[in-house]
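Data file: final30.cif. Format and content: mmCIF, C-alpha atoms.
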data_run
loop_
_atom_site.label_atom_id
_atom_site.label_comp_id
_atom_site.auth_asym_id
_atom_site.auth_seq_id
_atom_site.Cartn_x
_atom_site.Cartn_y
_atom_site.Cartn_z
CA MET A 1 -86.06 36.33 149.98
CA THR A 2 -86.67 39.90 151.12
CA SER A 3 -88.44 42.22 148.76
CA THR A 4 -86.96 45.61 147.91
CA PRO A 5 -89.08 48.49 149.22
CA ARG A 6 -90.87 50.20 146.35
CA VAL A 7 -91.04 53.96 146.10
CA ASP A 8 -94.58 55.23 145.50
CA VAL A 9 -94.57 57.21 142.26
CA ARG A 10 -97.27 59.47 143.67
CA THR A 11 -94.97 60.64 146.45
CA VAL A 12 -92.16 61.24 143.97
CA SER A 13 -94.57 63.17 141.75
CA ARG A 14 -95.62 65.45 144.61
CA TRP A 15 -92.02 66.20 145.54
CA LEU A 16 -91.13 66.82 141.90
CA ALA A 17 -94.03 69.25 141.60
CA ALA A 18 -93.07 71.13 144.76
CA ILE A 19 -89.45 71.51 143.66
CA LEU A 20 -90.24 72.38 140.04
CA LEU A 21 -93.08 74.84 140.53
CA PRO A 22 -91.18 78.04 141.47
CA ILE A 23 -88.20 77.44 139.17
CA GLY A 24 -89.76 78.66 135.90
CA PRO A 25 -91.21 81.93 137.18
CA ALA A 26 -88.06 82.61 139.20
CA ALA A 27 -85.88 82.08 136.12
CA ILE A 28 -88.00 84.49 134.07
CA ALA A 29 -87.97 87.01 136.94
CA LEU A 30 -84.17 87.04 136.84
CA LEU A 31 -84.23 87.11 133.03
CA ARG A 32 -86.41 90.21 133.00
CA TYR A 33 -84.16 91.89 135.57
CA PHE A 34 -80.90 91.18 133.70
CA LEU A 35 -82.32 91.78 130.21
CA PRO A 36 -79.84 94.19 128.58
CA TYR A 37 -82.54 96.12 126.74
CA ASP A 38 -86.05 97.43 127.37
CA THR A 39 -89.12 95.83 125.79
CA VAL A 40 -90.10 99.15 124.22
CA ASP A 41 -86.70 99.70 122.52
CA ASP A 42 -86.52 99.71 118.73
CA MET A 43 -84.62 96.92 116.95
CA SER A 44 -81.47 98.99 116.42
CA THR A 45 -81.26 99.81 120.12
CA ILE A 46 -81.97 96.20 121.11
CA THR A 47 -79.24 94.94 118.79
CA ASN A 48 -76.64 97.38 120.07
CA LYS A 49 -77.48 96.69 123.72
CA ILE A 50 -77.20 92.92 123.23
CA VAL A 51 -73.96 93.21 121.22
CA ASP A 52 -72.50 95.52 123.87
CA ASN A 53 -73.47 93.11 126.67
CA LEU A 54 -72.82 89.63 125.26
CA ASP A 55 -71.97 88.03 128.62
CA ARG A 56 -75.14 89.40 130.16
CA GLY A 57 -77.08 88.33 127.09
CA SER A 58 -75.72 84.80 127.49
CA VAL A 59 -76.98 84.66 131.08
CA VAL A 60 -80.40 85.82 129.87
CA LEU A 61 -80.50 83.07 127.24
CA TRP A 62 -79.62 80.40 129.83
CA LEU A 63 -82.36 81.71 132.14
CA GLY A 64 -84.80 81.58 129.23
CA PHE A 65 -83.81 77.98 128.56
CA VAL A 66 -84.50 77.05 132.19
CA GLY A 67 -87.85 78.82 132.04
CA ILE A 68 -88.85 77.11 128.80
CA LEU A 69 -88.15 73.68 130.31
CA THR A 70 -90.05 74.27 133.55
CA LEU A 71 -92.95 76.69 132.98
CA VAL A 72 -95.33 74.27 131.25
CA PRO A 73 -94.81 71.40 133.74
CA GLY A 74 -95.26 73.97 136.51
CA VAL A 75 -98.69 75.18 135.38
CA TYR A 76 -99.70 71.58 134.72
CA PHE A 77 -99.00 70.75 138.38
CA VAL A 78 -100.94 73.82 139.56
CA GLY A 79 -103.80 72.70 137.33
CA ARG A 80 -103.75 69.25 138.92
CA LEU A 81 -104.07 70.93 142.30
CA THR A 82 -107.00 73.20 141.40
CA ARG A 83 -108.93 71.16 138.85
CA ARG A 84 -111.17 69.26 141.29
CA ARG A 85 -112.53 72.38 142.99
CA ALA A 86 -112.33 74.83 140.06
CA PRO A 87 -112.51 72.64 136.94
CA TRP A 88 -113.74 75.18 134.40
CA LEU A 89 -111.47 77.99 135.51
CA THR A 90 -108.51 75.62 135.55
CA ALA A 91 -109.30 74.29 132.08
CA ILE A 92 -109.66 77.76 130.54
CA ALA A 93 -106.53 79.01 132.31
CA LEU A 94 -104.43 76.11 131.02
CA LEU A 95 -105.86 76.45 127.50
CA LEU A 96 -104.46 79.99 127.52
CA VAL A 97 -101.25 79.78 129.50
CA VAL A 98 -99.84 76.52 128.10
CA PRO A 99 -99.86 77.71 124.45
CA GLY A 100 -98.51 81.03 125.70
CA TYR A 101 -95.52 79.35 127.32
CA LEU A 102 -95.03 77.02 124.34
CA ALA A 103 -94.73 80.12 122.12
CA LEU A 104 -91.90 81.49 124.28
CA PRO A 105 -89.04 79.80 122.35
CA TRP A 106 -90.33 81.37 119.13
CA THR A 107 -90.38 84.84 120.68
CA ALA A 108 -86.87 84.34 122.11
CA SER A 109 -85.39 83.25 118.78
CA GLY A 110 -84.63 86.86 117.78
CA ASP A 111 -82.46 87.39 120.85
CA ILE A 112 -80.60 84.14 120.16
CA PHE A 113 -79.91 85.27 116.60
CA ILE A 114 -78.68 88.72 117.66
CA TRP A 115 -76.44 87.24 120.38
CA ALA A 116 -74.96 84.66 117.98
CA ALA A 117 -74.36 87.24 115.25
CA GLY A 118 -72.82 89.66 117.74
CA THR A 119 -70.57 86.95 119.15
CA ALA A 120 -69.45 86.17 115.59
CA GLY A 121 -68.41 89.81 115.20
CA LEU A 122 -70.94 90.80 112.54
CA ASP A 123 -71.75 94.46 111.98
CA PRO A 124 -74.60 95.64 114.26
CA ALA A 125 -76.25 97.50 111.40
CA ALA A 126 -76.36 94.30 109.32
CA ILE A 127 -77.64 92.33 112.32
CA THR A 128 -80.41 94.87 112.79
CA ARG A 129 -81.49 94.64 109.15
CA ALA A 130 -81.69 90.85 109.40
CA ALA A 131 -83.47 90.90 112.77
CA GLU A 132 -86.10 93.29 111.43
CA VAL A 133 -87.11 90.68 108.84
CA THR A 134 -89.47 88.50 110.87
CA HIS A 135 -91.70 85.62 109.84
CA GLY A 136 -95.43 85.95 110.40
CA SER A 137 -95.32 83.05 112.83
CA MET A 138 -93.11 85.12 115.15
CA ASP A 139 -95.70 87.90 115.28
CA LEU A 140 -98.42 85.34 116.02
CA ALA A 141 -96.23 83.68 118.65
CA GLY A 142 -95.77 87.05 120.34
CA PHE A 143 -99.53 87.58 120.52
CA VAL A 144 -100.16 84.04 121.81
CA PHE A 145 -97.46 84.45 124.46
CA VAL A 146 -98.60 87.84 125.72
CA ALA A 147 -102.34 87.12 125.74
CA GLY A 148 -101.95 83.54 126.92
CA HIS A 149 -99.60 84.01 129.83
CA VAL A 150 -101.13 87.26 131.12
CA ILE A 151 -104.82 86.32 130.95
CA GLY A 152 -104.16 82.65 131.69
CA THR A 153 -102.15 83.40 134.84
CA ILE A 154 -104.87 85.74 136.12
CA LEU A 155 -107.44 82.95 135.71
CA LEU A 156 -105.07 80.43 137.28
CA GLY A 157 -104.72 82.68 140.31
CA ILE A 158 -108.51 82.89 140.59
CA ALA A 159 -108.70 79.09 140.33
CA MET A 160 -106.15 78.86 143.16
CA TRP A 161 -108.34 81.19 145.23
CA ARG A 162 -111.49 79.16 144.58
CA SER A 163 -109.76 75.86 145.29
CA ARG A 164 -109.02 76.97 148.88
CA LEU A 165 -105.99 74.69 148.85
CA VAL A 166 -103.39 77.47 148.87
CA PRO A 167 -103.15 80.57 151.06
CA ARG A 168 -105.17 83.54 149.81
CA TRP A 169 -102.03 85.64 149.46
CA ALA A 170 -100.54 83.06 147.07
CA ALA A 171 -103.62 83.13 144.85
CA VAL A 172 -103.60 86.94 144.78
CA ALA A 173 -99.85 87.04 144.14
CA THR A 174 -100.26 84.72 141.16
CA ALA A 175 -103.26 86.59 139.74
CA ILE A 176 -101.60 90.03 139.84
CA SER A 177 -98.10 88.92 138.86
CA GLN A 178 -98.50 89.18 135.10
CA PRO A 179 -100.45 92.47 135.02
CA ILE A 180 -97.55 93.88 137.07
CA HIS A 181 -95.13 92.38 134.53
CA ALA A 182 -97.03 93.99 131.65
CA ILE A 183 -97.00 97.39 133.35
CA ALA A 184 -93.30 97.04 134.17
CA ALA A 185 -92.37 96.00 130.63
CA ILE A 186 -94.47 98.43 128.59
CA VAL A 187 -95.73 101.32 130.73
CA LEU A 188 -93.20 102.08 133.47
CA VAL A 189 -90.25 100.25 131.85
CA SER A 190 -88.81 99.04 135.15
CA HIS A 191 -86.71 95.89 135.32
CA THR A 192 -86.91 95.95 139.11
CA LEU A 193 -90.72 96.00 139.03
CA ASP A 194 -90.62 93.22 136.43
CA LEU A 195 -88.48 91.16 138.79
CA PHE A 196 -91.08 91.76 141.50
CA GLY A 197 -94.00 90.79 139.24
CA TRP A 198 -92.56 87.47 138.12
CA GLY A 199 -91.24 86.96 141.66
CA LEU A 200 -94.83 87.11 142.91
CA GLN A 201 -95.73 84.26 140.57
CA ALA A 202 -92.72 82.28 141.80
CA ALA A 203 -93.86 82.82 145.41
CA GLY A 204 -97.44 81.87 144.58
CA PHE A 205 -96.29 78.72 142.80
CA ALA A 206 -93.99 77.83 145.70
CA ALA A 207 -97.01 78.01 148.02
CA ALA A 208 -98.91 75.77 145.61
CA GLY A 209 -96.02 73.32 145.77
CA TRP A 210 -96.22 73.30 149.56
CA ALA A 211 -99.97 72.63 149.30
CA ILE A 212 -99.23 69.68 147.00
CA LEU A 213 -96.77 68.25 149.53
CA ARG A 214 -99.49 68.39 152.18
CA LEU A 215 -101.90 66.31 150.10
CA ARG A 216 -102.26 62.58 150.57
CA ASP A 217 -101.07 60.49 147.63
CA GLU A 218 -104.67 59.39 147.00
CA GLU A 219 -105.82 63.01 146.74
CA TRP A 220 -102.98 63.98 144.39
CA MET A 221 -103.52 61.23 141.84
CA ALA A 222 -107.30 60.93 142.12
#
Step by step, read the file and then write its structure as structure tokens.
Amino acid sequence: MTSTPRVDVRTVSRWLAAILLPIGPAAIALLRYFLPYDTVDDMSTITNKIVDNLDRGSVVLWLGFVGILTLVPGVYFVGRLTRRRAPWLTAIALLLVVPGYLALPWTASGDIFIWAAGTAGLDPAAITRAAEVTHGSMDLAGFVFVAGHVIGTILLGIAMWRSRLVPRWAAVATAISQPIHAIAAIVLVSHTLDLFGWGLQAAGFAAAGWAILRLRDEEWMA
């Protein structure tokens, strides 16, 4: 009797990591580019822009869904890569960025509500009044997301640098990606710059994925 060749789960895990890593940041990069409103807009303006661009808003919601599913596994895989050579930096970075990403669905719930109400044909003024009534947990989620993903990604980029397992440019790209996003969203209000900022993180994570593929199975799962 011939035995069936067994696939090493460690090899599968490395390939899964390499494929998954850039997807989340790339999805959010496109989301920020196609977002029908600006982050600094008031609620009335946000409501009207979403209601006037329902198809575009639907694309944004799908991109957000993809990001929500892939961002946390992505940073987990980066943490597995850097933890042996930068354990403390990796631990602190993940303690910040993972809760930040987990808060993302809460922060996106307002956009889902506005899109659904607009699709149902409700009056924009009424939608605005309802959207302005937020639960305290949404405000907290917004703080956790902003602080967690900006500071945490900077530290993760530094951990990538110190690990010496990824190219220096990839570590720098990751570290500066979210400060660029913050400037693009709040200061300069540029969707193109926002696309570039999150795109840098996608590129940095893609390089981390390539570094994972180059590891031996024993190094990856050790």
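When only C-alpha atoms are used to measure the gap to Leu16 (chain A), the shortest distance among A:Ala147, A:Pro73, A:Arg83, A:Ile92 belongs to A:Pro73.
The gap separating CA of Arg168 (chain A) from CA of Ala185 (chain A) is 26.2 Å, in Å to one decimal.
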Please, what distance in Å, to one decimal, runs between CA of Leu155 (chain A) and CA of Ala93 (chain A)? 5.3 Å
Nearest residue to Ala175 (chain A) out of A:Gly199, A:Gly148, A:Gly64, A:Gly204, using all atoms listed in the file?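 Selected residue with least distance to Ala175 (chain A): A:Gly204.
Note that the spacing between CA of Pro99 (chain A) and CA of Val144 (chain A) amounts to 6.9 Å.
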Just so the selection is clear, what residues does the PyMOL selection byres ((chain A and resi 52-60) around 9) cover here, as a PyMOL selection string? chain A and resi 28+30-32+34-36+47-51+61-65+111-112+115+118-119
For the point (-101.9, 70.5, 139.6) in the file's frame, write as a PyMOL selection string all residues with an atom no more than 12 Å away, counting all atoms listed in the file. chain A and resi 13-14+16-18+20-21+72-87+90-91+94+156+159-160+163+165-166+205+208-213+215+219-222
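For the set A:Ala29, A:Ile19, A:Ile68, A:Ala171, the residue with the smallest atom-to-atom gap to His191 (chain A) is A:Ala29, counting all atoms listed in the file.
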Out of A:Ala184, A:Ser44, A:Leu95, A:Gly100, which residue has the shortest atom-to-atom distance to Asp123 (chain A) when counting all atoms listed in the file?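 Closest to Asp123 (chain A), using all atoms listed in the file: A:Ser44.
The shortest atom-to-atom distance to Thr39 (chain A), with only C-alpha atoms taken into account, belongs to A:Leu188 out of A:Leu188, A:Ala206, A:Ile180, A:Leu195.
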Rank A:Ile127, A:Leu96, A:Ile154, A:Val12 by their smallest atom-to-atom distance to Gln201 (chain A), using all atoms listed in the file, and report the top residue only.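 Among the listed residues, A:Ile154 lies closest to Gln201 (chain A).
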List the neighbours of Val150 (chain A) out to 8 Å using only C-alpha atoms; skip same-chain residues closer than 2 positions along the sequence, and give me the result as a list in words.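 So, after excluding close chain neighbours, the residues are Val97, Val146, Ala147, Gly148, Gly152, Thr153, Ile154, Gln178, Pro179 and Ala182 of chain A.
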